[in-house]
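In what follows, a structure is listed as structure tokens, so that the remarks can point back to it.
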There are 2 protein chains.
Amino acid sequence: MTTQDDWIANLKAASGDLARSSTVTRVADLLRQQITDGHLVPGAALPEKLLSEAANVSRNTMREAFRLLAQEGLVVHEFNRGVFVRSLTLADVADVYRVRRILEGAGVRNAAEAGPEPVARVGAVVAEGERAAAEGRWADVGTADIRFHQAVAALCGSPRVDDMMRHLLAELRLVFHVMGSAERFHGPYLPRNRRLADLLAAGDLTTADQELRAYLYDAEAQLTAAYTAVEPA
Amino acid sequence: MTTQDDWIANLKAASGDLARSSTVTRVADLLRQQITDGHLVPGAALPEKLLSEAANVSRNTMREAFRLLAQEGLVVHEFNRGVFVRSLTLADVADVYRVRRILEGAGVRNAAEAGPEPVARVGAVVAEGERAAAEGRWADVGTADIRFHQAVAALCGSPRVDDMMRHLLAELRLVFHVMGSAERFHGPYLPRNRRLADLLAAGDLTTADQELRAYLYDAEAQLTAAYTAVEPA
DNA sequence: GAGTAGGGATTGTTCAACAATCGGGCAATA
DNA sequence: TATTGCCCGATTGTTGAACAATCCCTACTC
């Protein structure tokens, strides 16, 4: 019975991907890729006619895709003016880190109630980052760093918090690409990730909470400094 | 020069309201009103043809309005099946309160850094609720209760947190209307709002934090009990 | 009663058209 | 020169119709 249920569960999980067709979704995926990869710089205009013809879809379909991306905060829609790649102000960066301190802090303080598996996941992600660093795969170090913070927030055990973190980190990626070589930015934080994971595994949540706070304040300061150098406004 | 800059600043603030037209926005406002007022029960289907003809707009326009409402979590869009008024599960209710504890708790703990004005706003909203209760305006008591919690979360000083709270409370409104007489639900919490506001004004944030936690757990329990009685699934 | 083939209704997507608006250039004026 | 007013091309906002794809219900078969 368990094996049979597993078949069903697997099918159910796969069916989500199958039914997920929808041209709008696919177009949105394409644009999202272009944006998060940094091929579309913040502030760039996205003319509907040009893009719809390039993607071989109708203008209306492209418009619906725009709505999806606007929902995710990757683009902004200005009435009668068009759609533009989102450009974060310094106030935005400060606010993102403010919310990150709240959500990741809540995750750390909830680590005991969250149980052992989510805590283990945090450690696993750090190990993955260390492995990538040892092998010089700097891009993977960056994604591991992002996944680390997602794993910390996931300690809240809340789907909505997971959603919010995904959005916040997507917004930050907009900033990362403005300053060159995003990889070098994540590297120095690996030891601190390790220390946090160890503190969590040991159950010393008070120290972990303080550590994380300082961590995020430092990261914000560094990012802000690098960002002001490029984006004066 | 300062006065001249003030003129400009005022114009700039007002200009946002002027350009805010857009048929899509207006249609979305209409539907949002119908949903939050409870005229559209959760789970109800929203056929595009019917609604677009009723609102005298094109089907495409109605679709874009749907995307906006889906972004706010008021409706869900199922591929090839249509749009339905969002129906919250018990797990959703639990998660909403989980996040509320995180955000409102962060607000309370941040009250000192937030400064006096946001704290004063919390007290003002409570006073407004008490006035409404004294005059028997129960509907206003409900809205004052909601605004109270928004004011508490606003102590974070974060636009993004404000956004999240607005979304969470909008989701909760979907639940309120399922159980009859939402007014009676908010009334008993007025004294606790008052106590919390006083604790905040006095600067006793530790007690306020504990109080708020217990508060939200109680509210969740009561709402969950009332909700299971109506919505077994 | 369970499974299965219609068939009507709804959604997904496209296309073409027109009104409304924006942005830039150009000329007129002081 | 700087400002104002105006025009024009380009882009967006919105509409209506059309067709394919899909879902859901019903009637039919065994």
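Chain labels follow the order of the structure tokens: the first chain is A, the next B, and so on; residue numbering restarts at 1 in every chain, and ligands are counted from 1 in their shown order.
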
Set out as a tab-separated table a contact list for chain A and chain B with a cut-off of 8 Å, giving each residue of chain A that qualifies its closest atom pair and distance in Å to one decimal, counting only C-alpha atoms, ordered by chain and rising residue number.
residue	atom	partner	partner_atom	distance
A:Ala19	CA	B:Phe79	CA	7.7
A:Arg20	CA	B:Phe79	CA	7.6
A:Ser22	CA	B:Phe79	CA	7.4
A:Asn60	CA	B:Asn60	CA	7.4
A:Glu64	CA	B:Glu64	CA	6.5
A:Arg67	CA	B:Arg67	CA	6.6
A:Leu68	CA	B:Arg67	CA	7.3
A:Gln71	CA	B:Gln71	CA	5.8
A:Phe79	CA	B:Ser22	CA	7.4
A:Asp95	CA	B:Ser158	CA	6.0
A:Val96	CA	B:Arg160	CA	7.7
A:Arg98	CA	B:Ser158	CA	7.2
A:Val99	CA	B:Val161	CA	7.0
A:Ile102	CA	B:Ala106	CA	6.5
A:Leu103	CA	B:Ile102	CA	7.4
A:Ala106	CA	B:Ile102	CA	6.5
A:Ser158	CA	B:Asp95	CA	6.0
A:Pro159	CA	B:Asp95	CA	7.4
A:Arg160	CA	B:Asp95	CA	7.1
A:Val161	CA	B:Val99	CA	7.0

Can you write out the residues you just picked, keeping C-alpha atoms, as a PDB file, in the first residue's frame?
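Okay, again.pdb is ready:
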ATOM      1  CA  ALA A  19      -0.870  21.046 -16.292  1.00  0.00           C
ATOM      2  CA  ARG A  20       1.297  24.096 -15.684  1.00  0.00           C
ATOM      3  CA  SER A  22      -0.166  28.139 -20.281  1.00  0.00           C
ATOM      4  CA  ASN A  60      -2.469  40.541 -24.821  1.00  0.00           C
ATOM      5  CA  GLU A  64      -0.713  39.161 -18.849  1.00  0.00           C
ATOM      6  CA  ARG A  67       1.115  41.415 -14.729  1.00  0.00           C
ATOM      7  CA  LEU A  68       2.647  38.244 -13.330  1.00  0.00           C
ATOM      8  CA  GLN A  71       3.214  40.811  -8.993  1.00  0.00           C
ATOM      9  CA  PHE A  79       0.096  53.652 -16.651  1.00  0.00           C
ATOM     10  CA  ASP A  95      13.622  47.922   3.697  1.00  0.00           C
ATOM     11  CA  VAL A  96      14.449  44.540   2.214  1.00  0.00           C
ATOM     12  CA  ARG A  98      14.716  45.261   7.551  1.00  0.00           C
ATOM     13  CA  VAL A  99      12.223  42.588   6.582  1.00  0.00           C
ATOM     14  CA  ILE A 102      12.434  40.135  10.920  1.00  0.00           C
ATOM     15  CA  LEU A 103      11.781  36.952   8.969  1.00  0.00           C
ATOM     16  CA  ALA A 106      11.860  34.709  13.527  1.00  0.00           C
ATOM     17  CA  SER A 158       5.288  29.018   7.108  1.00  0.00           C
ATOM     18  CA  PRO A 159       4.571  28.820   3.371  1.00  0.00           C
ATOM     19  CA  ARG A 160       3.802  32.539   3.348  1.00  0.00           C
ATOM     20  CA  VAL A 161       7.151  33.383   4.889  1.00  0.00           C
TER      21      VAL A 161
END

Superposition RMSD [C-alpha atoms, order-paired], chain B onto chain A: 0.8 Å

Residue list (alpha helix (DSSP H), DSSP) for segment 10-121 of chain B, as a PyMOL selection string: chain B and resi 10-18+23-36+48-54+59-71+90-109+111-114+116-121

I want to know what sits within 12 Å of DC26 of chain C, based on only C-alpha atoms (C1' of nucleotides), with residues of the same chain fewer than 2 positions away left out; could you give that as a tab-separated table (two decimals) with all heavy atoms, in the first residue's frame?
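Listed below is the output, around_3.tsv:
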chain	number	residue	atom	x	y	z
C	24	DG	P	11.68	62.44	-24.38
C	24	DG	OP1	12.90	61.69	-24.07
C	24	DG	OP2	11.21	63.52	-23.48
C	24	DG	O5'	11.79	63.03	-25.85
C	24	DG	C5'	11.74	62.13	-26.97
C	24	DG	C4'	11.64	62.91	-28.27
C	24	DG	O4'	10.29	63.42	-28.41
C	24	DG	C3'	12.57	64.12	-28.36
C	24	DG	O3'	13.15	64.18	-29.65
C	24	DG	C2'	11.65	65.30	-28.10
C	24	DG	C1'	10.34	64.81	-28.67
C	24	DG	N9	9.15	65.42	-28.08
C	24	DG	C8	8.91	65.61	-26.74
C	24	DG	N7	7.75	66.16	-26.50
C	24	DG	C5	7.19	66.35	-27.76
C	24	DG	C6	5.94	66.90	-28.14
C	24	DG	O6	5.05	67.35	-27.41
C	24	DG	N1	5.77	66.89	-29.52
C	24	DG	C2	6.69	66.42	-30.42
C	24	DG	N2	6.36	66.50	-31.70
C	24	DG	N3	7.86	65.90	-30.08
C	24	DG	C4	8.04	65.89	-28.74
C	28	DA	P	7.30	80.11	-37.49
C	28	DA	OP1	6.36	80.34	-38.61
C	28	DA	OP2	8.72	80.46	-37.62
C	28	DA	O5'	6.71	80.85	-36.20
C	28	DA	C5'	5.47	80.44	-35.68
C	28	DA	C4'	5.23	81.08	-34.32
C	28	DA	O4'	6.06	80.42	-33.34
C	28	DA	C3'	5.58	82.58	-34.26
C	28	DA	O3'	4.51	83.29	-33.67
C	28	DA	C2'	6.83	82.63	-33.40
C	28	DA	C1'	6.70	81.39	-32.53
C	28	DA	N9	7.97	80.82	-32.10
C	28	DA	C8	9.03	80.48	-32.88
C	28	DA	N7	10.05	79.98	-32.22
C	28	DA	C5	9.62	79.99	-30.90
C	28	DA	C6	10.24	79.58	-29.70
C	28	DA	N6	11.47	79.06	-29.64
C	28	DA	N1	9.53	79.73	-28.55
C	28	DA	C2	8.29	80.25	-28.62
C	28	DA	N3	7.60	80.66	-29.69
C	28	DA	C4	8.34	80.50	-30.80
D	5	DG	P	1.35	78.35	-22.88
D	5	DG	OP1	0.23	79.21	-22.53
D	5	DG	OP2	1.67	77.16	-22.08
D	5	DG	O5'	1.15	77.88	-24.40
D	5	DG	C5'	1.18	78.84	-25.43
D	5	DG	C4'	1.19	78.14	-26.78
D	5	DG	O4'	2.51	77.58	-27.01
D	5	DG	C3'	0.19	76.98	-26.89
D	5	DG	O3'	-0.61	77.16	-28.06
D	5	DG	C2'	1.06	75.74	-26.96
D	5	DG	C1'	2.36	76.27	-27.54
D	5	DG	N9	3.55	75.52	-27.14
D	5	DG	C8	3.93	75.17	-25.87
D	5	DG	N7	5.04	74.50	-25.82
D	5	DG	C5	5.42	74.38	-27.15
D	5	DG	C6	6.56	73.75	-27.72
D	5	DG	O6	7.47	73.14	-27.13
D	5	DG	N1	6.57	73.87	-29.10
D	5	DG	C2	5.61	74.52	-29.85
D	5	DG	N2	5.79	74.54	-31.16
D	5	DG	N3	4.55	75.12	-29.32
D	5	DG	C4	4.53	75.01	-27.97
D	6	DC	P	-1.78	76.11	-28.38
D	6	DC	OP1	-2.88	76.87	-29.00
D	6	DC	OP2	-2.01	75.28	-27.18
D	6	DC	O5'	-1.11	75.21	-29.50
D	6	DC	C5'	-0.41	75.82	-30.57
D	6	DC	C4'	0.23	74.75	-31.45
D	6	DC	O4'	1.45	74.28	-30.80
D	6	DC	C3'	-0.65	73.52	-31.66
D	6	DC	O3'	-0.87	73.34	-33.04
D	6	DC	C2'	0.12	72.37	-31.02
D	6	DC	C1'	1.55	72.89	-31.00
D	6	DC	N1	2.38	72.36	-29.90
D	6	DC	C2	3.61	71.75	-30.16
D	6	DC	O2	3.99	71.67	-31.33
D	6	DC	N3	4.35	71.27	-29.14
D	6	DC	C4	3.92	71.37	-27.89
D	6	DC	N4	4.68	70.89	-26.90
D	6	DC	C5	2.67	71.98	-27.58
D	6	DC	C6	1.93	72.46	-28.61
D	7	DC	P	-1.88	72.21	-33.57
D	7	DC	OP1	-2.73	72.81	-34.60
D	7	DC	OP2	-2.49	71.52	-32.41
D	7	DC	O5'	-0.85	71.22	-34.27
D	7	DC	C5'	0.25	71.76	-35.00
D	7	DC	C4'	1.23	70.64	-35.32
D	7	DC	O4'	2.01	70.35	-34.14
D	7	DC	C3'	0.58	69.33	-35.75
D	7	DC	O3'	1.24	68.84	-36.90
D	7	DC	C2'	0.75	68.42	-34.54
D	7	DC	C1'	2.03	68.95	-33.93
D	7	DC	N1	2.16	68.74	-32.47
D	7	DC	C2	3.34	68.17	-31.94
D	7	DC	O2	4.24	67.84	-32.70
D	7	DC	N3	3.44	67.98	-30.60
D	7	DC	C4	2.44	68.35	-29.81
D	7	DC	N4	2.59	68.16	-28.49
D	7	DC	C5	1.24	68.92	-30.31
D	7	DC	C6	1.14	69.10	-31.64
D	8	DC	P	0.60	67.69	-37.79
D	8	DC	OP1	0.75	68.07	-39.21
D	8	DC	OP2	-0.73	67.38	-37.23
D	8	DC	O5'	1.59	66.49	-37.48
D	8	DC	C5'	3.00	66.71	-37.52
D	8	DC	C4'	3.72	65.48	-36.99
D	8	DC	O4'	3.70	65.51	-35.54
D	8	DC	C3'	3.06	64.16	-37.39
D	8	DC	O3'	4.06	63.24	-37.75
D	8	DC	C2'	2.32	63.73	-36.14
D	8	DC	C1'	3.24	64.27	-35.05
D	8	DC	N1	2.57	64.53	-33.75
D	8	DC	C2	3.26	64.26	-32.56
D	8	DC	O2	4.40	63.82	-32.61
D	8	DC	N3	2.63	64.50	-31.38
D	8	DC	C4	1.40	65.00	-31.35
D	8	DC	N4	0.84	65.23	-30.17
D	8	DC	C5	0.68	65.28	-32.54
D	8	DC	C6	1.29	65.03	-33.72

At most 8 Å to chain D: residues in chain A, only C-alpha atoms (C1' of nucleotides), as number ranges by chain: A: 47, 80-82

Save out the residues we just selected, C-alpha atoms, as a JSON list (two decimals), in the first residue's frame.
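As written to disk, part-v8.json reads:
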[["chain", "number", "residue", "atom", "x", "y", "z"],
["A", 47, "PRO", "CA", 7.90, 47.52, -25.16],
["A", 80, "ASN", "CA", 0.24, 54.87, -20.23],
["A", 81, "ARG", "CA", 4.01, 54.66, -20.13],
["A", 82, "GLY", "CA", 4.79, 50.97, -20.20]]

Give me, as a PDB file with all heavy atoms, in the first residue's frame, the residues of chain C touching chain B, with the criterion being at most 9 Å (counting only C-alpha atoms (C1' of nucleotides)).
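New file part-v2.pdb:
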ATOM      1  P    DT C  10     -21.082  29.243 -19.960  1.00  0.00           P
ATOM      2  OP1  DT C  10     -21.719  29.587 -18.679  1.00  0.00           O
ATOM      3  OP2  DT C  10     -21.366  30.022 -21.182  1.00  0.00           O
ATOM      4  O5'  DT C  10     -19.509  29.193 -19.753  1.00  0.00           O
ATOM      5  C5'  DT C  10     -18.956  28.251 -18.843  1.00  0.00           C
ATOM      6  C4'  DT C  10     -17.453  28.215 -18.983  1.00  0.00           C
ATOM      7  O4'  DT C  10     -17.106  27.521 -20.210  1.00  0.00           O
ATOM      8  C3'  DT C  10     -16.779  29.596 -19.073  1.00  0.00           C
ATOM      9  O3'  DT C  10     -15.811  29.724 -18.052  1.00  0.00           O
ATOM     10  C2'  DT C  10     -16.145  29.624 -20.457  1.00  0.00           C
ATOM     11  C1'  DT C  10     -15.996  28.144 -20.786  1.00  0.00           C
ATOM     12  N1   DT C  10     -16.011  27.857 -22.247  1.00  0.00           N
ATOM     13  C2   DT C  10     -14.980  27.145 -22.793  1.00  0.00           C
ATOM     14  O2   DT C  10     -14.052  26.717 -22.145  1.00  0.00           O
ATOM     15  N3   DT C  10     -15.080  26.940 -24.153  1.00  0.00           N
ATOM     16  C4   DT C  10     -16.099  27.367 -24.982  1.00  0.00           C
ATOM     17  O4   DT C  10     -16.089  27.125 -26.185  1.00  0.00           O
ATOM     18  C5   DT C  10     -17.144  28.110 -24.337  1.00  0.00           C
ATOM     19  C7   DT C  10     -18.287  28.634 -25.148  1.00  0.00           C
ATOM     20  C6   DT C  10     -17.055  28.324 -23.012  1.00  0.00           C
ATOM     21  P    DT C  11     -14.966  31.041 -17.922  1.00  0.00           P
ATOM     22  OP1  DT C  11     -14.819  31.312 -16.485  1.00  0.00           O
ATOM     23  OP2  DT C  11     -15.524  32.040 -18.833  1.00  0.00           O
ATOM     24  O5'  DT C  11     -13.547  30.596 -18.487  1.00  0.00           O
ATOM     25  C5'  DT C  11     -12.903  29.457 -17.942  1.00  0.00           C
ATOM     26  C4'  DT C  11     -11.751  29.025 -18.820  1.00  0.00           C
ATOM     27  O4'  DT C  11     -12.234  28.742 -20.156  1.00  0.00           O
ATOM     28  C3'  DT C  11     -10.648  30.080 -18.987  1.00  0.00           C
ATOM     29  O3'  DT C  11      -9.378  29.484 -18.752  1.00  0.00           O
ATOM     30  C2'  DT C  11     -10.797  30.545 -20.431  1.00  0.00           C
ATOM     31  C1'  DT C  11     -11.348  29.300 -21.089  1.00  0.00           C
ATOM     32  N1   DT C  11     -12.097  29.554 -22.353  1.00  0.00           N
ATOM     33  C2   DT C  11     -11.637  29.009 -23.515  1.00  0.00           C
ATOM     34  O2   DT C  11     -10.640  28.301 -23.576  1.00  0.00           O
ATOM     35  N3   DT C  11     -12.405  29.293 -24.624  1.00  0.00           N
ATOM     36  C4   DT C  11     -13.542  30.063 -24.676  1.00  0.00           C
ATOM     37  O4   DT C  11     -14.135  30.243 -25.726  1.00  0.00           O
ATOM     38  C5   DT C  11     -13.959  30.621 -23.414  1.00  0.00           C
ATOM     39  C7   DT C  11     -15.182  31.478 -23.349  1.00  0.00           C
ATOM     40  C6   DT C  11     -13.232  30.337 -22.330  1.00  0.00           C
ATOM     41  P    DG C  12      -8.039  30.366 -18.785  1.00  0.00           P
ATOM     42  OP1  DG C  12      -7.070  29.795 -17.820  1.00  0.00           O
ATOM     43  OP2  DG C  12      -8.465  31.769 -18.662  1.00  0.00           O
ATOM     44  O5'  DG C  12      -7.478  30.133 -20.254  1.00  0.00           O
ATOM     45  C5'  DG C  12      -6.861  28.888 -20.556  1.00  0.00           C
ATOM     46  C4'  DG C  12      -6.156  28.944 -21.901  1.00  0.00           C
ATOM     47  O4'  DG C  12      -7.138  29.139 -22.944  1.00  0.00           O
ATOM     48  C3'  DG C  12      -5.139  30.081 -22.063  1.00  0.00           C
ATOM     49  O3'  DG C  12      -3.969  29.596 -22.706  1.00  0.00           O
ATOM     50  C2'  DG C  12      -5.880  31.104 -22.917  1.00  0.00           C
ATOM     51  C1'  DG C  12      -6.789  30.239 -23.758  1.00  0.00           C
ATOM     52  N9   DG C  12      -8.037  30.880 -24.156  1.00  0.00           N
ATOM     53  C8   DG C  12      -8.940  31.519 -23.340  1.00  0.00           C
ATOM     54  N7   DG C  12      -9.986  31.986 -23.982  1.00  0.00           N
ATOM     55  C5   DG C  12      -9.752  31.625 -25.304  1.00  0.00           C
ATOM     56  C6   DG C  12     -10.540  31.853 -26.463  1.00  0.00           C
ATOM     57  O6   DG C  12     -11.625  32.433 -26.562  1.00  0.00           O
ATOM     58  N1   DG C  12      -9.934  31.329 -27.610  1.00  0.00           N
ATOM     59  C2   DG C  12      -8.730  30.657 -27.616  1.00  0.00           C
ATOM     60  N2   DG C  12      -8.311  30.229 -28.801  1.00  0.00           N
ATOM     61  N3   DG C  12      -7.989  30.434 -26.542  1.00  0.00           N
ATOM     62  C4   DG C  12      -8.565  30.948 -25.429  1.00  0.00           C
TER      63       DG C  12
END

Gap from atom CA of Leu51 of chain A to atom C1' of DC18 of chain C - Å, one decimal: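 Calculated distance between atom CA of Leu51 of chain A and atom C1' of DC18 of chain C is 21.8 Å.
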
Between atom CA of Ala151 of chain A and atom CA of Asp163 of chain A - distance in Å to one decimal: 12.1 Å
